[in-house]
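Enquirer: Contents of final_24.txt (compact mmCIF, C-alpha atoms) are below:
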# COMPACT_ATOMS: atom_id res chain seq x y z
CA MET A 260 28.77 -41.35 24.24
CA SER A 261 27.06 -38.07 25.07
CA THR A 262 26.92 -35.11 22.74
CA ALA A 263 27.35 -31.62 24.19
CA VAL A 264 24.28 -29.44 23.88
CA PRO A 265 25.16 -26.24 21.98
CA PRO A 266 24.64 -22.99 23.91
CA THR A 267 21.47 -21.02 23.26
CA SER A 268 20.49 -17.37 23.37
CA ARG A 269 18.89 -18.09 26.74
CA ASP A 270 22.33 -19.10 28.07
CA VAL A 271 23.78 -15.85 26.74
CA ALA A 272 21.04 -13.83 28.43
CA ARG A 273 21.61 -15.56 31.76
CA LEU A 274 25.38 -15.04 31.62
CA ALA A 275 25.11 -11.39 30.55
CA GLY A 276 22.39 -10.63 33.11
CA VAL A 277 19.92 -9.37 30.52
CA SER A 278 16.63 -10.54 29.07
CA GLN A 279 16.46 -12.87 26.09
CA ALA A 280 14.78 -10.05 24.20
CA THR A 281 17.89 -7.91 24.72
CA VAL A 282 20.05 -10.70 23.31
CA SER A 283 17.74 -10.84 20.28
CA TYR A 284 17.97 -7.06 19.88
CA VAL A 285 21.78 -7.18 19.94
CA LEU A 286 22.02 -10.06 17.47
CA THR A 287 19.47 -8.65 15.03
CA GLY A 288 20.44 -5.00 15.39
CA LYS A 289 16.99 -3.99 16.59
CA GLY A 290 16.03 -1.79 19.52
CA SER A 291 17.94 0.89 21.41
CA ILE A 292 20.70 -0.98 23.21
CA SER A 293 23.47 0.91 24.99
CA PRO A 294 27.04 0.25 23.80
CA ALA A 295 27.96 -1.19 27.20
CA THR A 296 25.07 -3.66 27.17
CA ARG A 297 25.77 -4.62 23.58
CA GLU A 298 29.42 -5.30 24.42
CA ARG A 299 28.46 -7.36 27.48
CA VAL A 300 26.12 -9.53 25.43
CA LEU A 301 28.66 -10.08 22.67
CA ARG A 302 31.37 -10.99 25.20
CA ALA A 303 29.01 -13.44 26.91
CA ALA A 304 28.14 -15.03 23.57
CA GLU A 305 31.81 -15.37 22.65
CA SER A 306 32.80 -16.81 26.04
CA ILE A 307 30.42 -19.77 25.72
CA GLY A 308 30.88 -20.23 22.01
CA TYR A 309 27.34 -19.21 21.07
CA ARG A 310 26.70 -18.79 17.37
CA PRO A 311 23.37 -17.76 15.84
CA ASN A 312 21.68 -20.37 13.69
CA LEU A 313 23.37 -19.49 10.41
CA ALA A 314 21.56 -22.24 8.55
CA ALA A 315 18.23 -20.82 9.59
CA ARG A 316 19.40 -17.31 8.87
CA SER A 317 20.38 -18.29 5.36
CA MET A 318 16.78 -19.31 4.75
CA ARG A 319 15.94 -15.61 4.56
CA THR A 320 17.58 -15.48 1.18
CA ARG A 321 15.31 -18.15 -0.26
CA ARG A 322 11.66 -19.03 0.05
CA SER A 323 10.46 -21.28 2.83
CA GLY A 324 6.82 -20.75 1.85
CA ARG A 325 5.87 -20.36 5.53
CA LEU A 326 4.39 -17.42 7.39
CA ALA A 327 3.71 -17.14 11.12
CA VAL A 328 0.63 -15.67 12.78
CA ILE A 329 0.89 -14.74 16.46
CA THR A 330 -2.33 -15.02 18.46
CA GLY A 331 -3.38 -14.83 22.07
CA VAL A 332 -3.51 -18.04 24.08
CA ALA A 333 -7.24 -18.52 23.48
CA ALA A 334 -7.63 -17.94 19.75
CA VAL A 335 -11.41 -18.03 19.71
CA GLY A 336 -14.21 -15.79 18.51
CA ASN A 337 -12.99 -12.71 16.70
CA GLN A 338 -9.35 -13.85 16.71
CA MET A 339 -10.35 -17.07 14.99
CA ARG A 340 -12.34 -15.13 12.40
CA MET A 341 -9.29 -12.99 11.65
CA LEU A 342 -7.13 -16.09 11.47
CA THR A 343 -9.53 -17.63 8.95
CA GLY A 344 -9.25 -14.55 6.72
CA ALA A 345 -5.47 -14.43 7.06
CA SER A 346 -5.18 -18.13 6.18
CA ARG A 347 -7.25 -17.61 3.05
CA ALA A 348 -5.08 -14.71 1.89
CA ALA A 349 -1.90 -16.69 2.54
CA ALA A 350 -3.21 -19.68 0.59
CA GLU A 351 -4.22 -17.43 -2.31
CA ALA A 352 -0.62 -16.19 -2.48
CA GLY A 353 0.89 -19.68 -2.22
CA TYR A 354 1.98 -19.61 1.42
CA ALA A 355 1.30 -21.89 4.36
CA ILE A 356 0.81 -20.38 7.81
CA GLU A 357 1.63 -21.63 11.26
CA THR A 358 0.17 -20.11 14.41
CA SER A 359 2.00 -19.44 17.63
CA SER A 360 -0.03 -18.63 20.75
CA VAL A 361 1.66 -16.37 23.29
CA ASP A 362 0.75 -15.08 26.72
CA GLY A 363 2.28 -12.72 29.25
CA SER A 364 3.19 -9.07 29.09
CA VAL A 365 3.78 -7.03 25.97
CA ALA A 366 7.53 -7.46 26.62
CA ASP A 367 7.09 -11.25 26.73
CA ARG A 368 5.18 -11.23 23.47
CA THR A 369 7.76 -8.94 21.87
CA GLU A 370 10.52 -11.32 22.90
CA ARG A 371 8.72 -14.25 21.33
CA VAL A 372 8.20 -12.39 18.05
CA LEU A 373 11.87 -11.41 17.96
CA GLU A 374 12.87 -15.03 18.55
CA LEU A 375 10.75 -16.18 15.64
CA ALA A 376 12.11 -13.44 13.40
CA ALA A 377 15.72 -14.27 14.33
CA GLY A 378 15.15 -18.00 13.81
CA GLY A 379 14.70 -17.56 10.06
CA GLN A 380 12.08 -20.29 9.69
CA TYR A 381 9.42 -17.89 8.43
CA GLU A 382 9.41 -15.50 5.52
CA GLY A 383 7.14 -13.10 7.41
CA ILE A 384 5.25 -12.74 10.69
CA LEU A 385 1.81 -11.27 11.35
CA THR A 386 0.87 -10.61 14.96
CA PHE A 387 -2.67 -10.18 16.24
CA VAL A 388 -1.40 -9.40 19.76
CA PRO A 389 0.12 -6.03 20.74
CA VAL A 390 3.92 -5.92 20.74
CA LEU A 391 6.51 -3.19 21.24
CA PRO A 392 7.41 -1.15 18.13
CA GLU A 393 10.93 -2.59 17.98
CA ALA A 394 9.50 -6.00 17.08
CA LEU A 395 7.96 -4.63 13.89
CA SER A 396 9.82 -4.50 10.61
CA ASP A 397 9.09 -3.99 6.93
CA GLY A 398 11.83 -6.44 5.95
CA GLY A 399 15.47 -5.86 5.11
CA ASP A 400 17.89 -8.16 6.92
CA SER A 401 15.07 -9.86 8.82
CA PRO A 402 11.59 -11.10 7.86
CA PRO A 403 8.87 -8.45 7.76
CA VAL A 404 6.86 -8.34 10.99
CA LEU A 405 3.50 -6.56 10.84
CA ALA A 406 0.86 -6.02 13.49
CA ALA A 407 -2.87 -6.21 12.83
CA THR A 408 -3.90 -3.71 15.49
CA ALA A 409 -7.32 -5.19 16.08
CA PHE A 410 -7.04 -6.07 19.78
CA ASP A 411 -5.85 -4.45 22.99
CA GLU A 412 -3.78 -5.95 25.83
CA GLN A 413 -6.74 -8.07 26.96
CA MET A 414 -7.49 -9.14 23.36
CA ARG A 415 -10.61 -6.97 23.21
CA SER A 416 -11.48 -5.39 19.87
CA SER A 417 -9.82 -2.03 19.28
CA GLY A 418 -8.91 0.30 16.46
CA GLU A 419 -11.11 0.46 13.38
CA LEU A 420 -12.88 -2.78 14.29
CA ALA A 421 -14.20 -1.05 17.42
CA GLU A 422 -15.42 2.04 15.59
CA ALA A 423 -19.10 2.90 15.92
CA ASP A 424 -19.93 5.27 13.06
CA LEU A 425 -22.80 3.01 12.01
CA MET A 426 -24.56 3.72 15.31
CA GLU A 427 -25.25 7.17 13.92
CA VAL A 428 -26.57 5.69 10.68
CA LEU A 429 -28.94 3.48 12.68
CA VAL A 430 -30.24 6.41 14.72
CA GLN A 431 -30.76 8.60 11.68
CA ALA A 432 -32.59 5.83 9.79
CA LEU A 433 -34.89 5.27 12.75
CA VAL A 434 -35.58 9.00 13.03
CA ALA A 435 -36.38 9.09 9.31
CA ALA A 436 -38.81 6.21 9.88
CA GLY A 437 -40.66 8.34 12.46
CA HIS A 438 -39.21 7.14 15.77
CA ARG A 439 -38.96 9.82 18.46
CA ARG A 440 -37.87 8.06 21.67
CA PHE A 441 -34.53 6.29 21.97
CA LEU A 442 -32.69 4.15 24.52
CA HIS A 443 -29.19 2.70 24.43
CA VAL A 444 -28.41 -0.55 26.26
CA ALA A 445 -24.65 -0.35 26.78
CA GLY A 446 -22.04 -3.08 27.10
CA SER A 447 -19.13 -3.21 29.52
CA GLN A 448 -17.28 0.10 29.44
CA GLU A 449 -13.97 -1.74 29.80
CA PHE A 450 -14.31 -2.40 26.06
CA ALA A 451 -13.35 0.28 23.55
CA SER A 452 -16.14 -0.95 21.29
CA ALA A 453 -18.78 -0.47 24.01
CA ARG A 454 -17.52 3.02 24.82
CA ALA A 455 -17.51 3.98 21.15
CA ARG A 456 -21.09 2.77 20.62
CA ARG A 457 -22.33 4.60 23.71
CA ASP A 458 -20.50 7.83 22.87
CA THR A 459 -21.65 7.80 19.24
CA TYR A 460 -25.26 7.23 20.31
CA VAL A 461 -25.15 10.12 22.80
CA ALA A 462 -23.37 12.50 20.43
CA CYS A 463 -25.73 11.71 17.55
CA LEU A 464 -28.88 12.40 19.55
CA GLU A 465 -27.38 15.60 20.94
CA ARG A 466 -26.53 16.70 17.41
CA LEU A 467 -30.10 15.99 16.32
CA GLY A 468 -31.40 18.16 19.14
CA ALA A 469 -32.81 15.37 21.29
CA GLU A 470 -34.06 16.19 24.77
CA THR A 471 -33.22 14.01 27.74
CA GLN A 472 -36.54 12.63 28.88
CA GLY A 473 -37.45 11.84 32.46
CA PRO A 474 -38.69 8.57 33.90
CA GLN A 475 -42.24 9.25 32.70
CA GLY A 476 -41.17 9.88 29.11
CA PRO A 477 -41.67 13.08 27.11
CA GLN A 478 -44.55 15.48 27.58
CA GLU A 479 -46.38 16.05 24.32
CA PRO A 480 -46.28 19.76 23.44
CA PRO A 481 -49.16 21.75 21.94
CA GLY A 482 -49.85 20.69 18.38
CA GLY A 483 -49.26 17.01 19.11
CA HIS A 484 -45.71 16.81 17.73
CA GLU A 485 -43.53 14.89 20.17
CA PRO A 486 -39.94 16.13 20.39
CA LEU A 487 -37.03 13.86 19.65
CA GLY A 488 -35.75 12.50 22.93
CA SER A 489 -33.53 9.99 24.65
CA LEU A 490 -34.45 7.83 27.61
CA GLY A 491 -30.72 7.70 28.29
CA VAL A 492 -28.15 4.94 28.56
CA VAL A 493 -28.75 1.82 30.66
CA GLY A 494 -26.97 -1.47 31.24
CA GLY A 495 -23.19 -1.75 31.29
CA GLU A 496 -22.65 -5.50 31.04
CA TRP A 497 -22.44 -7.98 28.18
CA SER A 498 -25.32 -10.15 29.37
CA ALA A 499 -28.82 -10.72 28.08
CA GLU A 500 -30.11 -10.64 31.65
CA SER A 501 -28.75 -7.12 32.27
CA ALA A 502 -30.59 -5.90 29.15
CA ARG A 503 -33.76 -7.74 30.18
CA GLU A 504 -33.70 -6.10 33.61
CA ALA A 505 -33.09 -2.66 32.08
CA ILE A 506 -36.16 -2.98 29.85
CA LEU A 507 -38.32 -4.36 32.67
CA ALA A 508 -37.39 -1.25 34.68
CA LEU A 509 -38.74 1.17 32.06
CA PRO A 510 -42.02 3.00 32.83
CA ASP A 511 -45.19 1.53 31.37
CA ASP A 512 -45.57 4.47 29.01
CA ALA A 513 -42.06 4.16 27.51
CA PRO A 514 -43.30 2.77 24.16
CA PRO A 515 -43.01 3.54 21.39
CA VAL A 516 -39.24 3.38 21.86
CA ALA A 517 -36.26 2.51 19.68
CA VAL A 518 -33.71 0.46 21.62
CA LEU A 519 -30.17 0.33 20.29
CA ALA A 520 -28.24 -2.45 22.03
CA ALA A 521 -24.44 -2.60 22.09
CA ASN A 522 -24.42 -6.20 20.86
CA ASP A 523 -26.72 -8.99 19.78
CA MET A 524 -26.73 -10.76 23.15
CA LEU A 525 -28.04 -7.59 24.79
CA ALA A 526 -30.63 -7.28 22.03
CA ILE A 527 -31.87 -10.79 22.88
CA GLY A 528 -32.46 -9.60 26.45
CA VAL A 529 -34.42 -6.63 25.09
CA LEU A 530 -36.61 -8.90 22.96
CA ARG A 531 -37.30 -11.17 25.94
CA ALA A 532 -38.25 -8.29 28.25
CA ALA A 533 -40.51 -6.73 25.62
CA ALA A 534 -42.36 -10.03 25.27
CA GLU A 535 -42.73 -10.31 29.05
CA ARG A 536 -44.27 -6.85 29.18
CA GLY A 537 -46.63 -7.54 26.30
CA TRP A 538 -44.89 -5.03 24.06
CA THR A 539 -44.76 -5.92 20.39
CA VAL A 540 -41.63 -5.76 18.24
CA PRO A 541 -41.45 -3.84 15.95
CA GLY A 542 -44.76 -2.25 16.98
CA ASP A 543 -44.16 -0.87 20.48
CA VAL A 544 -40.40 -1.37 20.44
CA VAL A 545 -37.83 -1.55 17.67
CA VAL A 546 -34.48 -3.18 18.45
CA THR A 547 -31.00 -3.18 16.93
CA GLY A 548 -27.94 -5.19 17.92
CA TRP A 549 -24.30 -5.39 16.89
CA ASP A 550 -21.91 -8.19 15.74
CA ASN A 551 -24.28 -10.14 13.47
CA ALA A 552 -24.31 -13.27 15.62
CA ALA A 553 -25.67 -16.28 13.74
CA PHE A 554 -28.77 -16.55 15.95
CA GLY A 555 -29.95 -13.05 14.97
CA ALA A 556 -31.36 -14.28 11.68
CA TYR A 557 -33.59 -16.78 13.52
CA THR A 558 -35.09 -14.74 16.38
CA MET A 559 -38.74 -13.68 16.26
CA PRO A 560 -38.57 -11.11 14.81
CA SER A 561 -35.18 -11.42 13.13
CA LEU A 562 -32.64 -8.93 14.44
CA THR A 563 -31.31 -5.84 12.69
CA THR A 564 -27.60 -5.69 13.51
CA VAL A 565 -24.15 -4.50 12.46
CA ASP A 566 -21.85 -7.03 10.85
CA VAL A 567 -18.15 -6.60 11.74
CA ASP A 568 -16.09 -8.50 9.18
CA PHE A 569 -13.12 -9.83 11.15
CA GLN A 570 -12.36 -12.27 8.35
CA ALA A 571 -11.92 -9.39 5.91
CA ALA A 572 -9.66 -7.63 8.44
CA GLY A 573 -7.47 -10.71 8.74
CA HIS A 574 -7.41 -11.18 4.98
CA HIS A 575 -6.29 -7.58 4.41
CA ALA A 576 -3.65 -7.74 7.17
CA MET A 577 -2.11 -10.84 5.60
CA ARG A 578 -2.13 -9.19 2.16
CA LEU A 579 -0.22 -6.25 3.67
CA LEU A 580 2.39 -8.66 5.10
CA ILE A 581 2.80 -10.43 1.76
CA ALA A 582 3.17 -7.08 -0.04
CA ALA A 583 5.94 -6.09 2.40
CA LEU A 584 7.59 -9.47 1.90
CA ARG A 585 7.56 -9.06 -1.87
CA GLY A 586 8.44 -5.37 -1.90
CA GLU A 587 5.10 -4.46 -3.45
CA GLU A 588 2.80 -1.50 -2.88
CA PRO A 589 0.40 -2.06 0.05
CA PRO A 590 -2.96 -3.21 -1.32
CA ALA A 591 -6.08 -1.15 -0.77
CA ARG A 592 -8.86 -2.80 1.20
CA GLY A 593 -11.77 -3.70 -1.02
CA SER A 594 -14.80 -2.98 1.18
CA ALA A 595 -15.77 -1.52 4.55
CA LEU A 596 -15.27 -3.74 7.58
CA GLN A 597 -18.71 -2.91 8.98
CA ARG A 598 -22.20 -2.91 7.45
CA ILE A 599 -25.76 -2.79 8.72
CA VAL A 600 -27.89 -5.90 8.22
CA TRP A 601 -31.52 -4.69 8.16
CA ARG A 602 -34.07 -7.22 9.40
CA GLU A 603 -37.56 -7.39 10.92
CA SER A 604 -36.83 -5.94 14.39
CA THR A 605 -36.69 -2.40 13.02
CA GLY A 606 -39.88 -2.61 11.00
CA ALA A 607 -40.07 -0.19 8.09
CA ALA A 608 -36.72 1.45 8.91
CA GLY A 609 -34.04 0.72 6.39
CA PRO A 610 -31.00 2.10 4.59
CA PRO A 611 -30.89 5.90 4.23
CA GLY A 612 -32.00 7.11 0.82
Take the structure in the file and give it back as structure tokens.

Expert:
Amino acid sequence: MSTAVPPTSRDVARLAGVSQATVSYVLTGKGSISPATRERVLRAAESIGYRPNLAARSMRTRRSGRLAVITGVAAVGNQMRMLTGASRAAAEAGYAIETSSVDGSVADRTERVLELAAGGQYEGILTFVPVLPEALSDGGDSPPVLAATAFDEQMRSSGELAEADLMEVLVQALVAAGHRRFLHVAGSQEFASARARRDTYVACLERLGAETQGPQGPQEPPGGHEPLGSLGVVGGEWSAESAREAILALPDDAPPVAVLAANDMLAIGVLRAAAERGWTVPGDVVVTGWDNAAFGAYTMPSLTTVDVDFQAAGHHAMRLLIAALRGEEPPARGSALQRIVWRESTGAAGPPG
């Protein structure tokens, strides 16, 4: 004897000629839905006998102890670091988390988040992927849904995790240590983080009165005091080989030069090219990277870099979700998400002051 399969929200959407997200909006009261569309959806739901999952909805009034984290399809690298931090914060507060990987457009991801919120299986939802504003909520009749705005549509770092203020600190510390010539090896300009690091480097040197130096380097003025100058911006890819080629293309009299690379992989290419040219580090060339990759502590010399604490970002985002869930004041973040790790590749240069 067969049992009839109960109708779903997908059936309602098909009958009403709307998206499943629209059905979710109507049933949860979210979004800007026209009266005509709302009526059409409700009529379609009534005609096939669709009823929202009241049992699941009732779970909102009691604890399930479960939180959802929405990630991109390939939750690796920085996403995984954020997930680790979020998991730790959830565990500290007595919650278990489940991850849901989503793909597609921002509308597709928004629909999935709304489905999870309407299902009532989770007390709160934290999304690492961009969604439309109507998916977000601070609670009320539905679980709180918060976004950790750390990634763009292509899951590349954005927002405060892509900020580059510490590039200026690096430049100023190197100037204070006596360095006069600078070069930036840039990453792919499709990334907000690469653009920020390049722009901060350029703006800082301009603010310090640096001159743009030609292919033969600066001309020493009378008195023997070399002006502060920039050899410009080179590169534009996230590959060690692109950085290696950029350094090999420098004139023979480029040293002494301070090379600020947009990430640690580029810095590895700089170190390789310097060795090929017989330039010493940190004698002829000093090098900085970004991201604090694990290998940076083991290069020869070890690599000065910027640590971006994605785990702390995930931990704080989850604490914000739990505060919204409990009706508490949003917690303040304990420490900065970025810090400079000073190592051998910058020689005597170190923290300001």

Enquirer: Nearest residue to Leu395 of chain A out of A:Asp362, A:Glu427, A:Glu419, A:Glu370, using only C-alpha atoms?

Expert: A:Glu370

Enquirer: Can you work out the spacing between atom CA of Met577 of chain A and atom CA of Gly336 of chain A in Å, to one decimal?

Expert: 18.4 Å

Enquirer: To one decimal place in Å, what is the distance between atom CA of Leu405 of chain A and atom CA of Val567 of chain A?

Expert: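 Distance between the two atoms: 21.7 Å.
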
Enquirer: What's the 9 Å shell around segment 299-309 of chain A, counting all atoms listed in the file, without same-chain residues fewer than 4 positions away, as number ranges by chain?

Expert: A: 265-268, 270-272, 274-277, 281-282, 285-286, 294-295

Enquirer: Residues at most 8 Å from segment 548-561 of chain A, counting all atoms listed in the file, excluding those fewer than 5 positions away in the same chain, as a ChimeraX atom specification?

Expert: /A:519-526,540-541,566-567,600,602-604

Enquirer: Using all atoms listed in the file for the distances, tell me which of A:Glu535, A:Asp424, A:Trp497, A:Gly468 is nearest to Ile599 of chain A.

Expert: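 With all atoms listed in the file as the atom set, the closest residue is A:Asp424.
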
Enquirer: Counting only C-alpha atoms, which of A:Ala350, A:Val546, A:Ala591, A:Val492 gets nearest to His575 of chain A?

Expert: A:Ala591

Enquirer: Looking at A:Leu385, A:Ile329, A:Arg269, A:Met339, which one is nearest to Ser360 of chain A, with distances taken over only C-alpha atoms?

Expert: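 Smallest distance to Ser360 of chain A is found for A:Ile329.
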
Enquirer: For Ala572 of chain A, which of A:Arg454, A:Gln597, A:Leu487, A:Ala394 is the closest residue, counting only C-alpha atoms?

Expert: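 Going through A:Arg454, A:Gln597, A:Leu487, A:Ala394 one by one, the smallest distance to Ala572 of chain A is for A:Gln597.
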
Enquirer: Just give me the gap between atom CA of Ser489 of chain A and atom CA of Thr539 of chain A in Å, one decimal is fine.

Expert: 19.9 Å

Enquirer: Counting all atoms listed in the file, figure out which residue out of A:Pro510, A:Pro402, A:Gly593, A:Gly344 gets nearest to Ala576 of chain A.

Expert: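 Looking only at the distances to Ala576 of chain A, the closest residue turns out to be A:Gly344.
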
Enquirer: Around the point (-27.3, -2.9, 31.1) in the file's coordinates, collect all residues with an atom within 9 Å, using only C-alpha atoms, and return them as an MDAnalysis selection string.

Expert: chainID A and resid 443:447 492:506 525

Enquirer: Quick one: residues within 8 Å of Gln338 of chain A, only C-alpha atoms counted, chain neighbours fewer than 4 positions away excluded, as a ChimeraX atom specification?

Expert: /A:330,334,342,387,569

Enquirer: Hey, what's within 7 Å of Tyr460 of chain A if we count all atoms listed in the file and toss same-chain stuff fewer than 4 positions away? As a list of chain:residue names, please?

Expert: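 My list of contacting residues is A:Met426, A:Glu427, A:Arg456, A:Leu464.
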
Enquirer: Quick one: residues within 9 Å of (0.8, -23.8, 4.0) (file frame), counting only C-alpha atoms, please, as a list in words.

Expert: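 Residues found, by chain and rising number: Gly324, Arg325, Leu326, Ser346, Ala349, Ala350, Gly353, Tyr354, Ala355, Ile356 and Glu357 of chain A.
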